[in-house]
Structures are given as C-alpha cells and as structure tokens.
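A short worksheet on the structure shown next.
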Amino acid sequence: MGRRNPSVLDEKRLLISGIVTGDSIAAAVARRALLAGAEVLVAAFPRDLAAAETVAATFTGTVDVVAVDATSQEDLSMLEEHVRQRWGHLDGALHAIAFAPQRALAGVMDVPSVDVELAMRTSVWTYSAFGRLLSRLAPSSGASLVGLDFDSARAWPVYNWMGPCKAALRSLNGYLARDLGARRVRANLVAAGPLRTRAASGILDFEVLIDSWSRQAPLPWDPTDASSVADAVCFLLSDHSRSITGEVLHVDGGFHAMATSLNRPAE
C-alpha cells in the first residue's frame, strides 16, 4: 500500500490575525490552511471578536477565536500563554494587521503626529511583536512568519500614510529575517494587488487602484477573489518555503513588473 500524500500544511499549528469579515485575505488564508491540514487559532482585535467568531463558525472544523490587541504587551503575553497551553508550540503566523486613522488616509501633510504614530504602531510594530512571539514558540524545526504588504516603492494617488507604513514594514521584514534566522524562523511578505475588503473600504478613491490594475497588470486581476493571495501565504507558511526568508512575494497579476500602462482600455 502506497504512502499517503500529505497535505501541504498537515499538522501545522497556525495563528491567523486580521479576520473581521468573510471577504478578507486573512479569512481566505484560514480556509485554505484548514483544507491543507492545518490547525488554526484566530486572534481578533477585541472590538471585532464577535465578527471574527461569526466568520470562524463558517470554517471547516472547530476554530477557536481569542481577543488580542497586538499593540498591547499584556495581550501578547496572554496570547503566548494561550498557545503554550493549547499546543505547546507555534509553526506559523499570519500578520494581517493594519490601521490608520482617517486623517492619515486622506493625505500626508497636516496630519497630526499622533495619527501617524498610531498607524505605525498598529501596522508595523505589531509585525515585530509577532516575530518575537514566534521566536519564543517555534519548535526546533523552525516556523514561518508571513505579513501582508502592498506596493510601497511608489507614491499612489491614494493610500497616503499607509504607503510609508508599508515601506517600513518591508524594511522591518529584512531585519526580522536577520534576527529570526538563528531560530530557523522565516519572515516573508506577500504584496497583494487591490482587493475589495473591509480594509480597502477605508481608503478614499480605492477604485483608482482597481482601474490601474485593469490597465497595467499583464495577467487578469479579480479584486473580489483573495484565493490566489491565500494560496501564496499558505505556501510561505509551509515547509515548501523552508529556504526562503526576507522575501516579498508579489501576488498582483504582474502589475509591479510593468513600467507603465499596457495601452488597453479599462475593463
């Protein structure tokens, strides 16, 4: 009798953050990971706990949801203890946490420093906090940290202070790859194209990005389908990516590689 072909995430114990609605990238990752054999624990911002529990109830199997404010060291310590008691270790984590006050999304000048500080603390510092969590909970075989990115190499007509936040995230990713490597913990980002999620709804004139992708991405891009991004995240969470760290994997239909519009009408 032949050996069973194991699923890509068999027996992996994963922490997934950022689930609020069913159309989010984080929710798509959780669904894919469960189908690929993983056990999943969802960390939800306390205000979004009930919403995350509603989404998790639609997943295959039983998925626990815990309330965690990732900017709070007390909450992070409680999360670590929860994982230790539940599993003993953690094989991977998805950091899908980003927030900026509306004023920081409306422009870059005349924005109060307190708004910028909150955006950076929530969207960037928490990625390092997840790295520290994995460094303490990873088994000897290693683990994988994955964060969500957006193309931050250029200034967009929209996005504003989230652009510098994502640029800082990319820089931090390299430093985390450096510092986590000794524990065999990998740190990688997935730079996704624009998707119509709840997070995107907070960006003014978000349709400008959708229109740009329809004109410039060489491959078709569906802004309502997060499955291709979820598959890439699951690859990075799996042992198939065991020698990849410090990387930014673009899942954007090839938009980032094109210098300009492909001279075709928007769909």
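By order in the structure tokens, chains are A, B, ...; within a chain, residues start at 1; ligands start at 1, following the order shown.
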Shell around Leu76 (chain A) at 12 Å using only C-alpha atoms, local window under 2 positions removed, as a ChimeraX atom specification: /A:43-45,66-74,78-83,126-134,136
Using the chain letters and numbers from this document, which residues of region 46-89 of chain A does DSSP assign to helix (DSSP H, G or I), as a PyMOL selection string? chain A and resi 46-56+73-86
May I have the residues from that selection written out with N, CA, C and O atoms, as a short mmCIF file (atom, residue, chain, number, x, y, z; two decimals), in the first residue's frame?
data_model
loop_
_atom_site.label_atom_id
_atom_site.label_comp_id
_atom_site.auth_asym_id
_atom_site.auth_seq_id
_atom_site.Cartn_x
_atom_site.Cartn_y
_atom_site.Cartn_z
N PRO A 46 -10.11 42.99 20.00
CA PRO A 46 -11.25 42.82 20.91
C PRO A 46 -12.56 43.38 20.39
O PRO A 46 -13.62 42.75 20.55
N ARG A 47 -12.52 44.54 19.76
CA ARG A 47 -13.75 45.13 19.23
C ARG A 47 -14.38 44.26 18.14
O ARG A 47 -15.59 44.29 17.93
N ASP A 48 -13.55 43.47 17.45
CA ASP A 48 -14.02 42.66 16.33
C ASP A 48 -14.23 41.20 16.71
O ASP A 48 -14.43 40.35 15.82
N LEU A 49 -14.19 40.88 17.99
CA LEU A 49 -14.25 39.49 18.42
C LEU A 49 -15.51 38.79 17.93
O LEU A 49 -15.44 37.69 17.36
N ALA A 50 -16.67 39.39 18.13
CA ALA A 50 -17.93 38.74 17.73
C ALA A 50 -17.97 38.54 16.22
O ALA A 50 -18.41 37.49 15.74
N ALA A 51 -17.50 39.52 15.46
CA ALA A 51 -17.50 39.40 14.00
C ALA A 51 -16.57 38.28 13.56
O ALA A 51 -16.91 37.48 12.66
N ALA A 52 -15.40 38.17 14.19
CA ALA A 52 -14.46 37.11 13.84
C ALA A 52 -15.02 35.74 14.19
O ALA A 52 -14.83 34.76 13.45
N GLU A 53 -15.71 35.65 15.31
CA GLU A 53 -16.32 34.38 15.70
C GLU A 53 -17.39 33.96 14.69
O GLU A 53 -17.54 32.77 14.38
N THR A 54 -18.14 34.93 14.16
CA THR A 54 -19.16 34.63 13.16
C THR A 54 -18.52 34.06 11.90
O THR A 54 -19.02 33.09 11.31
N VAL A 55 -17.40 34.67 11.48
CA VAL A 55 -16.70 34.16 10.29
C VAL A 55 -16.12 32.79 10.56
O VAL A 55 -16.24 31.87 9.74
N ALA A 56 -15.49 32.62 11.72
CA ALA A 56 -14.85 31.35 12.05
C ALA A 56 -15.86 30.20 12.11
O ALA A 56 -15.52 29.05 11.82
N GLN A 73 1.25 44.75 25.14
CA GLN A 73 2.16 43.71 25.59
C GLN A 73 1.45 42.72 26.50
O GLN A 73 1.74 41.52 26.49
N GLU A 74 0.50 43.21 27.29
CA GLU A 74 -0.27 42.32 28.17
C GLU A 74 -1.07 41.31 27.35
O GLU A 74 -1.08 40.11 27.66
N ASP A 75 -1.73 41.78 26.28
CA ASP A 75 -2.49 40.87 25.43
C ASP A 75 -1.58 39.88 24.73
O ASP A 75 -1.92 38.69 24.57
N LEU A 76 -0.42 40.33 24.29
CA LEU A 76 0.53 39.44 23.62
C LEU A 76 1.03 38.36 24.57
O LEU A 76 1.19 37.21 24.18
N SER A 77 1.26 38.72 25.82
CA SER A 77 1.69 37.73 26.81
C SER A 77 0.59 36.71 27.07
O SER A 77 0.86 35.50 27.20
N MET A 78 -0.65 37.17 27.12
CA MET A 78 -1.78 36.24 27.30
C MET A 78 -1.91 35.32 26.10
O MET A 78 -2.21 34.13 26.26
N LEU A 79 -1.68 35.86 24.89
CA LEU A 79 -1.74 35.04 23.68
C LEU A 79 -0.66 33.96 23.72
O LEU A 79 -0.92 32.79 23.40
N GLU A 80 0.54 34.33 24.12
CA GLU A 80 1.62 33.35 24.21
C GLU A 80 1.27 32.24 25.19
O GLU A 80 1.47 31.05 24.89
N GLU A 81 0.73 32.59 26.33
CA GLU A 81 0.35 31.58 27.32
C GLU A 81 -0.78 30.69 26.79
O GLU A 81 -0.79 29.48 27.03
N HIS A 82 -1.71 31.29 26.06
CA HIS A 82 -2.81 30.51 25.47
C HIS A 82 -2.26 29.47 24.51
O HIS A 82 -2.69 28.31 24.52
N VAL A 83 -1.32 29.89 23.65
CA VAL A 83 -0.73 28.95 22.68
C VAL A 83 0.04 27.85 23.41
O VAL A 83 -0.05 26.66 23.04
N ARG A 84 0.78 28.21 24.44
CA ARG A 84 1.56 27.21 25.18
C ARG A 84 0.64 26.15 25.80
O ARG A 84 0.94 24.95 25.78
N GLN A 85 -0.46 26.60 26.35
CA GLN A 85 -1.37 25.66 26.98
C GLN A 85 -2.13 24.83 25.96
O GLN A 85 -2.42 23.66 26.20
N ARG A 86 -2.45 25.44 24.81
CA ARG A 86 -3.24 24.75 23.80
C ARG A 86 -2.40 23.79 22.97
O ARG A 86 -2.79 22.63 22.75
#
Closest atom pairs, residues of region 134-191 of chain A within 8 Å of region 103-114 of chain A, only C-alpha atoms, as CSV:
residue,atom,partner,partner_atom,distance
A:Val158,CA,A:Leu105,CA,7.7
A:Tyr159,CA,A:Leu105,CA,5.9
A:Asn160,CA,A:Leu105,CA,5.3
A:Trp161,CA,A:Ala104,CA,5.4
A:Met162,CA,A:Leu105,CA,6.9
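With only C-alpha atoms as the atoms that count, the minimum distance from Ile210 (chain A) to the choices A:Phe255, A:Lys166, A:Ser140, A:Asn188 is reached by A:Phe255.
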Can you list, as a PDB file with N, CA and C atoms, in the first residue's frame, every protein, DNA or RNA residue that comes within 10 Å of Thr62 (chain A) when you count only C-alpha atoms, leaving out same-chain residues fewer than 5 positions away?
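The result, written out as part_39.pdb:
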ATOM      1  N   LEU A  34      -6.901  25.365   6.624  1.00  0.00           N
ATOM      2  CA  LEU A  34      -7.666  24.263   7.196  1.00  0.00           C
ATOM      3  C   LEU A  34      -7.827  23.131   6.194  1.00  0.00           C
ATOM      4  N   GLU A  39      -4.089  23.193  11.811  1.00  0.00           N
ATOM      5  CA  GLU A  39      -4.931  23.625  12.912  1.00  0.00           C
ATOM      6  C   GLU A  39      -4.780  25.135  13.006  1.00  0.00           C
ATOM      7  N   VAL A  40      -5.870  25.831  13.258  1.00  0.00           N
ATOM      8  CA  VAL A  40      -5.859  27.290  13.197  1.00  0.00           C
ATOM      9  C   VAL A  40      -6.407  27.893  14.477  1.00  0.00           C
ATOM     10  N   LEU A  41      -5.720  28.904  14.966  1.00  0.00           N
ATOM     11  CA  LEU A  41      -6.191  29.737  16.059  1.00  0.00           C
ATOM     12  C   LEU A  41      -6.306  31.161  15.521  1.00  0.00           C
ATOM     13  N   ALA A  56     -15.487  32.621  11.716  1.00  0.00           N
ATOM     14  CA  ALA A  56     -14.852  31.346  12.046  1.00  0.00           C
ATOM     15  C   ALA A  56     -15.855  30.204  12.106  1.00  0.00           C
ATOM     16  N   ALA A  57     -17.102  30.519  12.453  1.00  0.00           N
ATOM     17  CA  ALA A  57     -18.142  29.489  12.514  1.00  0.00           C
ATOM     18  C   ALA A  57     -18.450  28.904  11.146  1.00  0.00           C
TER      19      ALA A  57
END
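Pairwise distance (CA of His256 (chain A), CA of Leu148 (chain A)) equals 15.5 Å.
Taking only region 12-184 of chain A, the residues that DSSP calls strand (DSSP E or B) from the backbone come to Arg13, Leu14, Leu15, Ile16, Ser17, Glu39, Val40, Leu41, Val42, Ala43, Ala44, Asp64, Val65, Val66, Ala67, Gly92, Ala93, Leu94, His95, Ala143, Ser144, Leu145, Val146, Gly147, Leu148 and Asp149 of chain A.
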Close residues, Val42 (chain A) itself excluded, 6 Å, only C-alpha atoms, min 2 positions apart in chain, as number ranges by chain: A: 15-17, 65
Among the residues A:Trp87, A:Tyr175, A:Phe99, A:Trp125, the one that comes closest to Leu14 (chain A) [using only C-alpha atoms]: A:Trp87
